[in-house]
Structure formats: C-alpha cells, structure tokens
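Participant: I am sharing model_14.tsv, which consists of TSV, C-alpha atoms:
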chain	number	residue	atom	x	y	z
A	143	MET	CA	-9.45	-4.66	12.30
A	144	LYS	CA	-10.99	-7.98	11.33
A	145	VAL	CA	-11.96	-8.05	7.66
A	146	THR	CA	-14.15	-10.71	6.04
A	147	ILE	CA	-14.43	-11.11	2.29
A	148	ILE	CA	-17.65	-12.72	1.09
A	149	GLN	CA	-17.16	-14.65	-2.14
A	150	LEU	CA	-20.69	-14.89	-3.53
A	151	ASP	CA	-22.35	-16.87	-6.30
A	152	ILE	CA	-24.60	-14.03	-7.43
A	153	GLU	CA	-28.18	-14.80	-8.43
A	154	TRP	CA	-28.80	-12.82	-11.61
A	155	GLY	CA	-31.07	-9.82	-11.03
A	156	SER	CA	-32.30	-11.06	-7.63
A	157	PRO	CA	-31.38	-8.69	-4.78
A	158	GLN	CA	-33.51	-10.47	-2.19
A	159	LYS	CA	-32.00	-13.88	-2.95
A	160	ASN	CA	-28.50	-12.45	-2.81
A	161	ILE	CA	-29.22	-10.72	0.49
A	162	LYS	CA	-30.34	-14.04	2.00
A	163	LYS	CA	-27.18	-15.74	0.72
A	164	ILE	CA	-24.96	-13.05	2.21
A	165	GLU	CA	-26.70	-13.19	5.57
A	166	LEU	CA	-26.00	-16.94	5.75
A	167	LEU	CA	-22.36	-16.41	4.82
A	168	MET	CA	-21.96	-13.62	7.37
A	169	ARG	CA	-22.80	-16.12	10.11
A	170	GLN	CA	-19.47	-17.81	9.38
A	171	ALA	CA	-17.69	-14.70	10.69
A	172	PRO	CA	-20.12	-13.01	13.08
A	173	ASP	CA	-17.63	-10.72	14.81
A	174	SER	CA	-15.99	-8.97	11.86
A	175	ASP	CA	-15.41	-5.24	11.77
A	176	LEU	CA	-15.69	-5.01	7.99
A	177	TYR	CA	-17.48	-7.21	5.43
A	178	VAL	CA	-16.56	-6.82	1.76
A	179	LEU	CA	-18.94	-7.89	-1.02
A	180	PRO	CA	-18.30	-8.29	-4.78
A	181	GLU	CA	-19.00	-5.77	-7.53
A	182	MET	CA	-22.74	-5.39	-8.27
A	183	TRP	CA	-23.37	-7.99	-5.59
A	184	SER	CA	-27.16	-7.70	-5.69
A	185	THR	CA	-27.70	-8.24	-9.43
A	186	GLY	CA	-24.59	-9.52	-11.17
A	187	PHE	CA	-22.59	-7.43	-13.64
A	188	ALA	CA	-25.46	-5.81	-15.53
A	189	THR	CA	-23.94	-3.81	-18.39
A	190	GLU	CA	-27.44	-2.88	-19.57
A	191	PRO	CA	-28.88	-1.59	-16.31
A	192	GLN	CA	-32.36	-0.45	-17.33
A	193	ASP	CA	-34.11	-3.45	-15.75
A	194	PHE	CA	-31.61	-4.03	-12.95
A	195	ALA	CA	-30.36	-0.76	-11.47
A	196	GLU	CA	-31.99	0.38	-8.25
A	197	ASP	CA	-32.99	3.98	-7.64
A	198	GLU	CA	-30.56	5.59	-5.21
A	199	LEU	CA	-33.40	6.76	-2.92
A	200	THR	CA	-35.36	3.50	-2.78
A	201	SER	CA	-32.68	0.82	-3.20
A	202	ILE	CA	-33.52	-2.35	-1.30
A	203	SER	CA	-29.88	-3.41	-1.41
A	204	LEU	CA	-28.51	-0.14	-0.05
A	205	ARG	CA	-31.12	-0.10	2.70
A	206	TRP	CA	-30.05	-3.62	3.66
A	207	MET	CA	-26.39	-2.50	3.81
A	208	ARG	CA	-27.32	0.38	6.10
A	209	ASP	CA	-29.61	-1.64	8.37
A	210	THR	CA	-27.22	-4.57	8.66
A	211	ALA	CA	-24.17	-2.41	9.32
A	212	ARG	CA	-26.04	-0.61	12.08
A	213	GLN	CA	-27.42	-3.80	13.64
A	214	LYS	CA	-24.09	-5.65	13.51
A	215	HIS	CA	-22.10	-2.55	14.52
A	216	CYS	CA	-19.74	-3.04	11.58
A	217	ALA	CA	-19.00	-1.66	8.12
A	218	ILE	CA	-20.04	-3.14	4.77
A	219	SER	CA	-18.37	-2.39	1.42
A	220	GLY	CA	-19.58	-3.40	-2.03
A	221	SER	CA	-20.87	-1.96	-5.30
A	222	LEU	CA	-24.36	-1.66	-6.75
A	223	ALA	CA	-25.86	-0.73	-10.11
A	224	ILE	CA	-27.55	2.56	-9.23
A	225	ARG	CA	-29.87	4.87	-11.15
A	226	LEU	CA	-29.42	8.46	-10.01
A	227	SER	CA	-32.77	9.56	-8.70
A	228	GLY	CA	-34.85	11.64	-11.09
A	229	THR	CA	-32.52	10.95	-14.03
A	230	ARG	CA	-31.69	8.32	-16.61
A	231	GLN	CA	-28.08	8.24	-15.52
A	232	TYR	CA	-26.48	5.11	-14.09
A	233	VAL	CA	-23.38	4.58	-11.98
A	234	ASN	CA	-21.51	1.55	-10.71
A	235	ARG	CA	-21.36	2.85	-7.15
A	236	HIS	CA	-19.06	1.30	-4.55
A	237	TYR	CA	-20.55	2.04	-1.13
A	238	PHE	CA	-18.77	1.98	2.19
A	239	VAL	CA	-21.43	1.94	4.91
A	240	ASP	CA	-20.18	2.52	8.45
A	241	GLY	CA	-22.67	1.23	11.00
A	242	ARG	CA	-20.60	2.52	13.91
A	243	SER	CA	-20.52	6.19	13.00
A	244	LEU	CA	-23.77	5.89	10.99
A	245	THR	CA	-22.10	7.45	7.96
A	246	GLU	CA	-21.38	6.31	4.45
A	247	LYS	CA	-19.21	7.21	1.49
A	248	TYR	CA	-19.24	6.04	-2.09
A	249	TYR	CA	-16.91	5.78	-5.05
A	250	ASP	CA	-18.22	5.73	-8.62
A	251	LYS	CA	-16.17	3.39	-10.80
A	252	HIS	CA	-13.76	5.48	-12.86
A	253	HIS	CA	-12.53	2.96	-15.45
A	254	LEU	CA	-15.66	1.58	-17.05
A	255	PHE	CA	-15.22	-1.79	-18.78
A	256	ARG	CA	-15.45	-0.68	-22.41
A	257	TYR	CA	-14.73	-4.22	-23.67
A	258	GLY	CA	-17.98	-5.39	-22.05
A	259	GLY	CA	-20.04	-2.32	-22.97
A	260	GLU	CA	-20.25	-0.83	-19.48
A	261	ASP	CA	-19.37	2.61	-20.85
A	262	ARG	CA	-22.51	2.70	-23.05
A	263	TYR	CA	-24.87	3.17	-20.12
A	264	TYR	CA	-22.88	4.07	-17.02
A	265	GLN	CA	-21.39	7.40	-16.05
A	266	ALA	CA	-17.74	7.26	-14.98
A	267	GLY	CA	-16.71	8.66	-11.63
A	268	GLY	CA	-14.11	11.40	-11.60
A	269	LYS	CA	-12.45	11.25	-8.20
A	270	GLN	CA	-10.61	8.86	-5.92
A	271	VAL	CA	-12.17	8.09	-2.56
A	272	VAL	CA	-10.42	7.18	0.70
A	273	VAL	CA	-12.49	6.21	3.75
A	274	GLU	CA	-11.28	6.37	7.35
A	275	TYR	CA	-12.43	3.50	9.54
A	276	GLU	CA	-11.03	1.98	12.73
A	277	GLY	CA	-7.79	3.89	12.32
A	278	PHE	CA	-7.26	2.68	8.73
A	279	ARG	CA	-7.40	4.73	5.55
A	280	LEU	CA	-9.13	2.61	2.92
A	281	MET	CA	-9.10	3.38	-0.80
A	282	LEU	CA	-12.11	2.15	-2.77
A	283	LEU	CA	-11.64	0.58	-6.22
A	284	THR	CA	-13.90	-1.43	-8.49
A	285	CYS	CA	-12.80	-4.30	-10.74
A	286	TYR	CA	-11.33	-2.87	-13.99
A	287	ASP	CA	-9.69	-0.05	-11.97
A	288	LEU	CA	-7.04	-2.58	-10.94
A	289	ARG	CA	-5.50	-2.42	-14.42
A	290	PHE	CA	-4.63	1.27	-14.10
A	291	PRO	CA	-1.91	1.83	-11.48
A	292	VAL	CA	-1.65	5.59	-11.93
A	293	TRP	CA	-5.23	6.02	-10.67
A	294	SER	CA	-4.44	4.32	-7.37
A	295	ARG	CA	-0.83	5.46	-6.94
A	296	TYR	CA	0.00	6.31	-3.34
A	297	SER	CA	1.00	9.96	-2.95
A	298	ASP	CA	0.99	12.81	-0.46
A	299	LYS	CA	-2.47	13.75	-1.75
A	300	LEU	CA	-3.69	10.15	-1.99
A	301	SER	CA	-2.40	8.34	1.08
A	302	TYR	CA	-3.96	5.17	2.45
A	303	ASP	CA	-3.22	1.91	4.26
A	304	ALA	CA	-5.34	-0.56	2.31
A	305	ILE	CA	-7.18	-0.88	-0.99
A	306	ILE	CA	-10.63	-2.46	-1.16
A	307	ALA	CA	-11.14	-3.85	-4.67
A	308	VAL	CA	-14.56	-5.37	-5.39
A	309	ALA	CA	-14.95	-7.28	-8.64
A	310	ASN	CA	-16.75	-9.50	-11.14
A	311	TRP	CA	-13.46	-10.77	-12.61
A	312	PRO	CA	-13.98	-13.67	-15.06
A	313	ASP	CA	-12.13	-16.95	-15.12
A	314	SER	CA	-10.77	-16.19	-18.60
A	315	ARG	CA	-8.62	-13.42	-17.08
A	316	GLN	CA	-7.99	-14.99	-13.69
A	317	ASN	CA	-4.22	-14.76	-14.09
A	318	ALA	CA	-4.51	-10.98	-14.39
A	319	TRP	CA	-6.62	-10.83	-11.21
A	320	GLN	CA	-3.96	-12.63	-9.22
A	321	ILE	CA	-1.09	-10.56	-10.63
A	322	LEU	CA	-2.75	-7.15	-10.43
A	323	THR	CA	-4.01	-7.51	-6.86
A	324	ARG	CA	-0.48	-8.32	-5.74
A	325	ALA	CA	1.09	-5.58	-7.84
A	326	ARG	CA	-1.20	-2.89	-6.44
A	327	ALA	CA	-0.39	-4.04	-2.90
A	328	MET	CA	3.38	-4.15	-3.40
A	329	GLU	CA	3.85	-0.92	-5.33
A	330	ASN	CA	1.85	1.05	-2.75
A	331	GLN	CA	3.03	-0.90	0.31
A	332	ALA	CA	-0.57	-1.38	1.35
A	333	TYR	CA	-2.95	-4.20	2.14
A	334	LEU	CA	-5.14	-5.23	-0.79
A	335	ILE	CA	-8.58	-6.62	0.02
A	336	GLY	CA	-9.85	-8.22	-3.18
A	337	CYS	CA	-13.38	-9.61	-3.28
A	338	ASN	CA	-14.42	-11.44	-6.46
A	339	ARG	CA	-17.54	-13.45	-7.25
A	340	VAL	CA	-17.98	-17.08	-8.24
A	341	GLY	CA	-20.53	-18.85	-10.44
A	342	ASP	CA	-21.86	-18.08	-13.90
A	343	ASP	CA	-23.91	-15.57	-15.84
A	344	GLU	CA	-24.71	-15.51	-19.56
A	345	TYR	CA	-21.37	-13.85	-20.30
A	346	SER	CA	-18.74	-15.55	-18.15
A	347	HIS	CA	-17.68	-18.09	-15.58
A	348	TYR	CA	-16.19	-16.66	-12.39
A	349	ARG	CA	-13.65	-18.58	-10.34
A	350	GLY	CA	-13.38	-16.14	-7.45
A	351	GLN	CA	-10.12	-16.65	-5.57
A	352	SER	CA	-10.78	-13.60	-3.46
A	353	ALA	CA	-7.86	-12.74	-1.20
A	354	ILE	CA	-6.29	-10.34	1.26
A	355	ILE	CA	-2.76	-9.47	0.22
A	356	SER	CA	0.02	-8.09	2.43
A	357	PRO	CA	2.07	-4.95	1.63
A	358	ILE	CA	4.85	-7.22	0.32
A	359	GLY	CA	2.52	-9.17	-1.97
A	360	LYS	CA	1.99	-12.22	0.23
A	361	THR	CA	-1.41	-13.89	0.28
A	362	LEU	CA	-2.57	-13.69	3.88
A	363	VAL	CA	-5.88	-15.47	3.38
A	364	SER	CA	-7.93	-16.49	0.35
A	365	CYS	CA	-11.13	-18.17	-0.74
A	366	ARG	CA	-11.02	-21.38	-2.72
A	367	ALA	CA	-11.73	-21.38	-6.44
A	368	ASN	CA	-15.36	-21.92	-7.48
A	369	SER	CA	-16.58	-21.98	-3.89
A	370	GLU	CA	-19.14	-19.71	-2.26
A	371	GLU	CA	-17.49	-18.94	1.07
A	372	THR	CA	-15.85	-16.37	3.32
A	373	ALA	CA	-12.29	-15.67	4.42
A	374	SER	CA	-11.21	-13.44	7.29
A	375	PHE	CA	-8.00	-11.78	8.44
A	376	LEU	CA	-7.02	-9.39	11.20
A	377	LEU	CA	-5.33	-6.38	9.61
A	378	ASN	CA	-2.64	-4.71	11.71
A	379	LEU	CA	-1.82	-1.05	11.16
A	380	GLU	CA	1.61	-1.53	12.73
A	381	THR	CA	2.51	-3.85	9.86
A	382	ILE	CA	2.04	-1.00	7.41
A	383	VAL	CA	4.04	1.44	9.52
A	384	HIS	CA	6.86	-1.06	10.01
A	385	GLN	CA	7.09	-2.02	6.33
A	386	ARG	CA	7.07	1.56	5.09
A	387	SER	CA	9.70	2.69	7.60
A	388	LYS	CA	11.97	-0.34	7.10
A	389	PHE	CA	11.91	-0.45	3.29
A	390	LYS	CA	11.23	3.10	2.12
A	391	VAL	CA	10.13	2.39	-1.44
A	392	LEU	CA	7.53	5.16	-1.37
A	393	ASP	CA	10.23	7.77	-0.76
A	394	ASP	CA	11.59	6.99	-4.22
A	395	ARG	CA	8.29	7.04	-6.10
A	396	ASP	CA	7.88	9.15	-9.22
A	397	VAL	CA	6.21	12.47	-8.51
A	398	ARG	CA	4.52	14.16	-11.45
Please render this file's structure as structure tokens.
Facilitator:
Amino acid sequence: MKVTIIQLDIEWGSPQKNIKKIELLMRQAPDSDLYVLPEMWSTGFATEPQDFAEDELTSISLRWMRDTARQKHCAISGSLAIRLSGTRQYVNRHYFVDGRSLTEKYYDKHHLFRYGGEDRYYQAGGKQVVVEYEGFRLMLLTCYDLRFPVWSRYSDKLSYDAIIAVANWPDSRQNAWQILTRARAMENQAYLIGCNRVGDDEYSHYRGQSAIISPIGKTLVSCRANSEETASFLLNLETIVHQRSKFKVLDDRDVR
C-alpha cells in the first residue's frame, strides 16, 4: 500500500485555499493508495470553533475528501473541526474516507489539548477506531493522543498494523513529536504514519517533519523541516508479520 503524507502550510480559516494547495501537492504522488493530511487541515487548529467549524452535513472540506477519494480511487485521512448538525456541539473529527469501497469512518479526538483550551468547546470522543483498508488495519489518532500510550496500546481487542497520527504539533515541542511517534511505533510493533503541518498561526510556529516510521522505530521516509511537501512510502504487511513473529514483544505485554 503506497502511503503519501501531505505536509501542508495551512491557510488560517480558508478551506478553499487549503483544498487548492492539497490538490497541487497530490500531483507529486498521483498513484498513491492513501493520502494523509494534518489535523484540522482545512482551517488550522481552531480552539474556538464558532466561526471555523463546518456543519457535518454541509461541510465543503468533507465533500471534497469524498469526491476526491472516489475520483482518484484512493483513501484520504485527516481531521476537521466539525459542528454536529442541529447542535452547538463541536468535535475534532478524524475522517478516513475510502473511495474504493465508497465508505468512511471517523474517530473523534479523545485527548483534547487542555493546555491550548481545546476542551472548552470540543466534545471528546470515547472510543478507539481501527479502519480496514487494502489488507491493513489502521488505527486513527489525532495529535495530543500520541502522549497517552495506554489509549493506543495494542491488544487482542485493539489489534492493528499501523497508526495514522494527524497533527498540528508546534516547533516548541518538536522533540516530543519525534520521540513519541517512534515510541508508539516500537512499543506496538506497528508502522506509524505521522502527518504534521508547517507554517505559522497566531499561536505557534510549526516545523512539520512528518514521517513514516517502521515497527522498529526507523524513519522510512520524512518531509523536510519548514517545507510544504509530500513524502511517500510503500508499506508492506509482510514486514509487520515478520517482525512480530521474529521478536515477540507483544506476547509479553501487560494485560490489565
């Protein structure tokens, strides 16, 4: 499965501009099976969503994900600030849109970023989500979730082959981004697909350094710092099977 991470310099509150940027970047990897976008890719990390969140039934950004996935016969993963239709409730919703089966799943961010005020307006999700696509089982995470290993711990009830982590991870905590993405990959013997943004908003500078990490913590491919670009890698399911059968770390995991 060919995966492409799209490291985007997000235009604040401008879905149409961000869609045009992504379409240009997608042309760099036209034959990918899966494209991964950053957290809140259409607006930037809007902790006060009243003027930014899109209604779940009329979202321009979600419609674009669906239409593009269908037209390109691929899948697209990324999160949006969403207002639940008919309510005043907001969620940071990580969508996985499958244009091949014409289905979609979503994961609502569980660990809201209290330090930045995300918890004041958004509703936390309460369940883990694993998507099956092209023979892979893909767990969806969003940004701050990376800091909480128990939530994503591989188990008999939560088994997967790769983690997709979309983020707006600031430069001031870049060291944590690089450590945590590798830790989550190694401890679960899974690929980690980490897509971060670049650029600036009124709160932070974002360096990016998006990457795909192997089950042993090796960087397989990455985007350069402070550069709007893509990076692609062909994930191999046999690599997961081989690593888990050769070095059976998961057999010794704590079960609670």
Participant: Up to 6 Å from (-13.9, 0.5, -3.8) in the file's coordinates: name the residues, counting all atoms listed in the file, as a PyMOL selection string.
Facilitator: chain A and resi 236+282-284+306-307
Participant: Neighbours of Ala217 (chain A) within 7 Å (only C-alpha atoms; same-chain residues fewer than 5 positions away dropped), as number ranges by chain?
Facilitator: A: 175-177, 211, 238-241
Participant: For a test of reading the model, state the distance in Å between CA of Glu274 (chain A) and CA of Ile355 (chain A), rounded to one decimal.
Facilitator: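 Answer for the CA of Glu274 (chain A) to CA of Ile355 (chain A) separation: 19.3 Å.
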Participant: If we count only C-alpha atoms, what is near region 327-335 of chain A at a cut-off of 7 Å, once residues fewer than 4 positions away on the same chain are taken out, given as a list in words?
Facilitator: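 Close residues of region 327-335 of chain A: Arg295, Tyr296, Asp303, Ala304, Ile305, Ile306, Ala307, Thr323, Ala353, Ile354, Ile355, Ser356, Pro357, Ile358, Gly359, Ile382 and Arg386 of chain A.
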Participant: List every protein, DNA or RNA residue that has at least one atom no more than 8 Å from (-24.7, -3.9, -10.1) in the file's coordinates, counting only C-alpha atoms, and write the result as a PDB file with C-alpha atoms, keeping the file's coordinate frame.
Facilitator:
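Result file follows (selection-v1.pdb):
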ATOM      1  CA  GLU A 181     -19.000  -5.770  -7.530  1.00  0.00           C
ATOM      2  CA  MET A 182     -22.740  -5.390  -8.270  1.00  0.00           C
ATOM      3  CA  TRP A 183     -23.370  -7.990  -5.590  1.00  0.00           C
ATOM      4  CA  SER A 184     -27.160  -7.700  -5.690  1.00  0.00           C
ATOM      5  CA  THR A 185     -27.700  -8.240  -9.430  1.00  0.00           C
ATOM      6  CA  GLY A 186     -24.590  -9.520 -11.170  1.00  0.00           C
ATOM      7  CA  PHE A 187     -22.590  -7.430 -13.640  1.00  0.00           C
ATOM      8  CA  ALA A 188     -25.460  -5.810 -15.530  1.00  0.00           C
ATOM      9  CA  PRO A 191     -28.880  -1.590 -16.310  1.00  0.00           C
ATOM     10  CA  PHE A 194     -31.610  -4.030 -12.950  1.00  0.00           C
ATOM     11  CA  ALA A 195     -30.360  -0.760 -11.470  1.00  0.00           C
ATOM     12  CA  SER A 221     -20.870  -1.960  -5.300  1.00  0.00           C
ATOM     13  CA  LEU A 222     -24.360  -1.660  -6.750  1.00  0.00           C
ATOM     14  CA  ALA A 223     -25.860  -0.730 -10.110  1.00  0.00           C
ATOM     15  CA  ILE A 224     -27.550   2.560  -9.230  1.00  0.00           C
ATOM     16  CA  ASN A 234     -21.510   1.550 -10.710  1.00  0.00           C
TER      17      ASN A 234
END
Participant: Under the rule that all atoms listed in the file are counted, which of A:Thr146, A:Gln192, A:Ser364, A:Thr381 is the nearest residue to Ser219 (chain A)?
Facilitator: A:Thr146
Participant: Hey, can you check how far CA of Leu300 (chain A) sits from CA of Glu246 (chain A)?
Facilitator: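 CA of Leu300 (chain A) sits 19.2 Å away from CA of Glu246 (chain A).
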Participant: How many Å separate CA of Asp173 (chain A) from CA of Gly336 (chain A)?
Facilitator: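 Distance reported for this atom pair: 19.8 Å.
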Participant: Do you know which residues are at most 9 Å from Val271 (chain A) counting only C-alpha atoms, after dropping those on the same chain fewer than 2 positions away, and could you put them as a PyMOL selection string?
Facilitator: chain A and resi 247-250+269+273+280-283+300
Participant: Excluding Arg169 (chain A) and any residue of its chain fewer than 2 positions from it, enumerate the residues within 12 Å of it, using all atoms listed in the file, and give them as an MDAnalysis selection string.
Facilitator: chainID A and resid 146 148 162:167 171:174 177 214 371:373
